[in-house]
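Comments concern the structure below.
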Amino acid sequence: LLNGIRTDLAVPTLPIVVGTMVPEYITTGTRKAIDAVHRSTPLRINKADVAIGATGSNMGDGNHYNESGQRANGRAFYDAFERIAQGISPAFTSYTLTTPAAPTLTNDTVTTLAVAWAAVTNATSYVVEYKVTGGGSWTALASTATLTAELTGLTTGTSYDVRVTAYNVIGDASTPSAVSTKTAADAPLIVSDTFTRADTTAGLGTADTGQTWTAGVGTWGISSNTAYCVSAADGDRTIIETGVTDQKVTATLTGTTVSGAGPSFSLLARCTDANNGYLLSVSNNLSQAKIFKMVAGAYTQLGGIVTVSLVDGDTLTLSVKGSTLTAYKNGTSYATATDTTFTAGTKAGLRTGATSTGARYDNFKVQAS
């Protein structure tokens, strides 16, 4: 039969695809059996993607042809075969996909990366995947029909691999793109102070980035390029303007082994003034860390007590983002709390505990969190 068709068309090497098409036109009776066969057809494509009959040529459900639709469909197939026989490119839709080009990655915020890529012919959707460079499994974002996406919840300073896969209308996937790699950028410094100024007991003066320290409670000074509380009364604190409400406040600590009721190290964040805001306190003699809110100078603990021990050179960080407060030691999270009392404070700072004259702070910095 096939050779006879080739002879009739005078194309001895004509490739022929043999298949079946479920009859769709029924004038009476149930369509249940036909519907069942139609649904089980692998990679079925709705008629709008294959051949278009005249307006009103389906049976009202958008999937099944009526008599005129069947005839229009048959004419389309006949026309396609005739084009093949004449060596004319058939009017079939191509679904072939090429491999997407490697995506472009741009640092967006502290914990996000913007992803963009070029369109792929015949692609109707794309899936972006990412993972930590050098290990881990791929995490896929939801499918998108656009050419951009955003990775969120990343770890600042960590390198990520990103790739893109294209999909066509029938669900075929391309080969994944080449991998693009980028590090989630650390936030720029808003406030930075290394306290490399002359020793003084008359306040901390002006930070390296130009903001002025305000001694809210007690007397603060500089000794050997570190900040300390001269008066050393419990709760003495000093603040500095940052201009942002979502803050990551960090300082390097020394004097961690000084004896006494302390030493106690505390960082202030999202303060409206020296008496209102959030603070992280670590009592090193007790190896305890606590997060508080401070309202009119009175403290309320948020969350539980966490065991933390400090040595000279450790960094302490308090991050406030939205209603979430997170404490870090040397960049590793160890305590969290949530609170909505303060939403507009833009000041950060330092606080000390009783008899903590030996507690020293260095490399103070504030970044957007």
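Please note that chains go A, B, ... in the order of the structure tokens, that every chain numbers its residues from 1, and that ligands are numbered from 1 in the order shown.
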Practice problem: Might you pull out every residue within 12 Å of Gly210 (chain A), with only C-alpha atoms counted and same-chain residues fewer than 6 positions away left off, and present them as JSON, numbers by chain? | Solution: {"A": [189, 190, 191, 192, 193, 240, 241, 242]}
Quiz item: Do you know which residues are at most 9 Å from region 142-150 of chain A counting only C-alpha atoms, after dropping those on the same chain fewer than 2 positions away, and could you put them as a list of chain:residue names?
Solution: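 Returned residues: A:Asp108, A:Thr112, A:Leu113, A:Ala114, A:Val115, A:Ala116, A:Trp117, A:Ala118, A:Ala119, A:Ala123, A:Thr124, A:Ser125, A:Tyr126, A:Val127, A:Val128, A:Ala140, A:Thr152.
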List as a PDB file with all heavy atoms, in the first residue's frame the protein and nucleic acid residues near region 346-348 of chain A, meaning an atom at most 7 Å away when only C-alpha atoms are counted, but skip any in the same chain fewer than 3 places from it.
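Saved the output as around32.pdb:
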ATOM      1  N   ILE A 239      24.497  55.440  70.273  1.00  0.00           N
ATOM      2  CA  ILE A 239      23.818  55.136  69.015  1.00  0.00           C
ATOM      3  C   ILE A 239      24.363  55.998  67.884  1.00  0.00           C
ATOM      4  O   ILE A 239      25.027  57.014  68.114  1.00  0.00           O
ATOM      5  CB  ILE A 239      22.292  55.349  69.134  1.00  0.00           C
ATOM      6  CG1 ILE A 239      21.983  56.781  69.595  1.00  0.00           C
ATOM      7  CG2 ILE A 239      21.682  54.317  70.068  1.00  0.00           C
ATOM      8  CD1 ILE A 239      20.498  57.103  69.634  1.00  0.00           C
ATOM      9  N   ILE A 240      24.039  55.570  66.652  1.00  0.00           N
ATOM     10  CA  ILE A 240      24.485  56.275  65.455  1.00  0.00           C
ATOM     11  C   ILE A 240      23.412  56.124  64.384  1.00  0.00           C
ATOM     12  O   ILE A 240      22.748  55.082  64.296  1.00  0.00           O
ATOM     13  CB  ILE A 240      25.847  55.726  64.976  1.00  0.00           C
ATOM     14  CG1 ILE A 240      26.486  56.657  63.948  1.00  0.00           C
ATOM     15  CG2 ILE A 240      25.723  54.305  64.445  1.00  0.00           C
ATOM     16  CD1 ILE A 240      27.958  56.341  63.680  1.00  0.00           C
ATOM     17  N   GLU A 241      23.210  57.157  63.577  1.00  0.00           N
ATOM     18  CA  GLU A 241      22.176  57.140  62.536  1.00  0.00           C
ATOM     19  C   GLU A 241      22.635  56.305  61.336  1.00  0.00           C
ATOM     20  O   GLU A 241      23.778  56.408  60.886  1.00  0.00           O
ATOM     21  CB  GLU A 241      21.863  58.562  62.081  1.00  0.00           C
ATOM     22  CG  GLU A 241      20.818  58.668  60.979  1.00  0.00           C
ATOM     23  CD  GLU A 241      19.466  58.121  61.399  1.00  0.00           C
ATOM     24  OE1 GLU A 241      18.979  58.494  62.496  1.00  0.00           O
ATOM     25  OE2 GLU A 241      18.913  57.304  60.629  1.00  0.00           O
ATOM     26  N   THR A 242      21.693  55.462  60.800  1.00  0.00           N
ATOM     27  CA  THR A 242      22.008  54.631  59.632  1.00  0.00           C
ATOM     28  C   THR A 242      21.177  54.996  58.404  1.00  0.00           C
ATOM     29  O   THR A 242      21.590  54.730  57.278  1.00  0.00           O
ATOM     30  CB  THR A 242      21.770  53.142  59.934  1.00  0.00           C
ATOM     31  OG1 THR A 242      20.359  52.888  60.006  1.00  0.00           O
ATOM     32  CG2 THR A 242      22.428  52.736  61.243  1.00  0.00           C
ATOM     33  N   GLY A 243      19.978  55.534  58.612  1.00  0.00           N
ATOM     34  CA  GLY A 243      19.117  55.881  57.492  1.00  0.00           C
ATOM     35  C   GLY A 243      18.273  54.740  56.957  1.00  0.00           C
ATOM     36  O   GLY A 243      17.492  54.931  56.023  1.00  0.00           O
ATOM     37  N   VAL A 244      18.404  53.529  57.521  1.00  0.00           N
ATOM     38  CA  VAL A 244      17.610  52.386  57.061  1.00  0.00           C
ATOM     39  C   VAL A 244      16.976  51.688  58.258  1.00  0.00           C
ATOM     40  O   VAL A 244      17.521  51.707  59.370  1.00  0.00           O
ATOM     41  CB  VAL A 244      18.463  51.367  56.266  1.00  0.00           C
ATOM     42  CG1 VAL A 244      18.995  51.996  54.987  1.00  0.00           C
ATOM     43  CG2 VAL A 244      19.603  50.822  57.114  1.00  0.00           C
ATOM     44  N   THR A 245      15.825  51.058  58.029  1.00  0.00           N
ATOM     45  CA  THR A 245      15.147  50.339  59.111  1.00  0.00           C
ATOM     46  C   THR A 245      15.526  48.863  59.153  1.00  0.00           C
ATOM     47  O   THR A 245      15.621  48.273  60.231  1.00  0.00           O
ATOM     48  CB  THR A 245      13.622  50.466  58.970  1.00  0.00           C
ATOM     49  OG1 THR A 245      13.232  50.002  57.671  1.00  0.00           O
ATOM     50  CG2 THR A 245      13.186  51.912  59.134  1.00  0.00           C
ATOM     51  N   LEU A 268      22.758  47.175  69.335  1.00  0.00           N
ATOM     52  CA  LEU A 268      21.441  47.790  69.188  1.00  0.00           C
ATOM     53  C   LEU A 268      21.094  47.900  67.706  1.00  0.00           C
ATOM     54  O   LEU A 268      21.964  48.183  66.872  1.00  0.00           O
ATOM     55  CB  LEU A 268      21.425  49.186  69.811  1.00  0.00           C
ATOM     56  CG  LEU A 268      21.833  49.298  71.287  1.00  0.00           C
ATOM     57  CD1 LEU A 268      21.857  50.761  71.712  1.00  0.00           C
ATOM     58  CD2 LEU A 268      20.883  48.503  72.161  1.00  0.00           C
ATOM     59  N   ALA A 269      19.806  47.719  67.380  1.00  0.00           N
ATOM     60  CA  ALA A 269      19.360  47.831  65.987  1.00  0.00           C
ATOM     61  C   ALA A 269      17.946  48.392  65.941  1.00  0.00           C
ATOM     62  O   ALA A 269      17.161  48.217  66.874  1.00  0.00           O
ATOM     63  CB  ALA A 269      19.408  46.471  65.294  1.00  0.00           C
ATOM     64  N   ARG A 270      17.637  49.063  64.853  1.00  0.00           N
ATOM     65  CA  ARG A 270      16.338  49.683  64.594  1.00  0.00           C
ATOM     66  C   ARG A 270      15.845  50.487  65.805  1.00  0.00           C
ATOM     67  O   ARG A 270      14.695  50.363  66.250  1.00  0.00           O
ATOM     68  CB  ARG A 270      15.298  48.656  64.172  1.00  0.00           C
ATOM     69  CG  ARG A 270      14.069  49.320  63.508  1.00  0.00           C
ATOM     70  CD  ARG A 270      12.988  48.338  63.151  1.00  0.00           C
ATOM     71  NE  ARG A 270      13.298  47.608  61.931  1.00  0.00           N
ATOM     72  CZ  ARG A 270      12.552  46.625  61.435  1.00  0.00           C
ATOM     73  NH1 ARG A 270      11.462  46.251  62.065  1.00  0.00           N
ATOM     74  NH2 ARG A 270      12.899  46.013  60.322  1.00  0.00           N
ATOM     75  N   CYS A 271      16.686  51.327  66.308  1.00  0.00           N
ATOM     76  CA  CYS A 271      16.315  52.180  67.439  1.00  0.00           C
ATOM     77  C   CYS A 271      15.740  53.501  66.937  1.00  0.00           C
ATOM     78  O   CYS A 271      16.225  54.071  65.952  1.00  0.00           O
ATOM     79  CB  CYS A 271      17.535  52.472  68.310  1.00  0.00           C
ATOM     80  SG  CYS A 271      18.235  51.002  69.098  1.00  0.00           S
ATOM     81  N   THR A 272      14.718  53.986  67.624  1.00  0.00           N
ATOM     82  CA  THR A 272      14.220  55.329  67.337  1.00  0.00           C
ATOM     83  C   THR A 272      15.011  56.365  68.126  1.00  0.00           C
ATOM     84  O   THR A 272      15.138  57.517  67.707  1.00  0.00           O
ATOM     85  CB  THR A 272      12.731  55.438  67.683  1.00  0.00           C
ATOM     86  OG1 THR A 272      12.541  55.075  69.059  1.00  0.00           O
ATOM     87  CG2 THR A 272      11.907  54.497  66.804  1.00  0.00           C
ATOM     88  N   ASP A 273      15.528  55.948  69.275  1.00  0.00           N
ATOM     89  CA  ASP A 273      16.432  56.763  70.091  1.00  0.00           C
ATOM     90  C   ASP A 273      17.170  55.804  71.017  1.00  0.00           C
ATOM     91  O   ASP A 273      17.063  54.579  70.866  1.00  0.00           O
ATOM     92  CB  ASP A 273      15.673  57.847  70.874  1.00  0.00           C
ATOM     93  CG  ASP A 273      14.542  57.286  71.723  1.00  0.00           C
ATOM     94  OD1 ASP A 273      14.715  56.192  72.321  1.00  0.00           O
ATOM     95  OD2 ASP A 273      13.476  57.920  71.788  1.00  0.00           O
TER      96      ASP A 273
END
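Proximity of A:Ser266, A:Asn3, A:Thr209, A:Thr257 to Tyr228 (chain A), computed with only C-alpha atoms, is greatest for A:Ser266.
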Self-check item: Test item, strand (DSSP E or B) assignment across region 162-264 of chain A, answer as a ChimeraX atom specification
Solution: /A:162-167,173,180-183,189-193,200,206,212,214-217,220-223,226-229,237-241,247-254,264
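A straight line drawn from CA of Gly205 (chain A) to CA of Phe364 (chain A) is 13.5 Å long.
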Self-check item: Spatial neighbours of region 313-325 of chain A, max dist 6 Å, only C-alpha atoms, sep filter under 6 positions, as number ranges by chain
Solution: A: 246-253, 336-340, 369
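Remark: for Asn363 (chain A), the closest of the candidate residues A:Trp138, A:Phe292, A:Phe195, A:Tyr130 is A:Phe195 (distances computed over only C-alpha atoms).
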Quiz item: By how many Å are CA of Asn122 (chain A) and CA of Arg163 (chain A) apart?
Solution: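 Atom-to-atom, CA of Asn122 (chain A) and CA of Arg163 (chain A) are spaced 18.6 Å apart.
The space separating CA of Thr238 (chain A) from CA of Thr300 (chain A) comes to 19.4 Å.
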Self-check item: Residue contacts of Ala359 (chain A) (9 Å, only C-alpha atoms) excluding same-chain residues fewer than 5 positions away, as a ChimeraX atom specification
Solution: /A:227-229,253-258,262-265,352
Self-check item: Nearest to Thr343 (chain A) by atom-to-atom distance, counting only C-alpha atoms, from A:Gly277, A:Leu151, A:Gly134, A:Ser177
Solution: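 Distance minimum relative to Thr343 (chain A) lands on A:Gly277.
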Quiz prompt | Residue contacts of Thr183 (chain A) (8 Å, only C-alpha atoms) excluding same-chain residues fewer than 2 positions away, as a ChimeraX atom specification | solution = /A:156-160,181,185
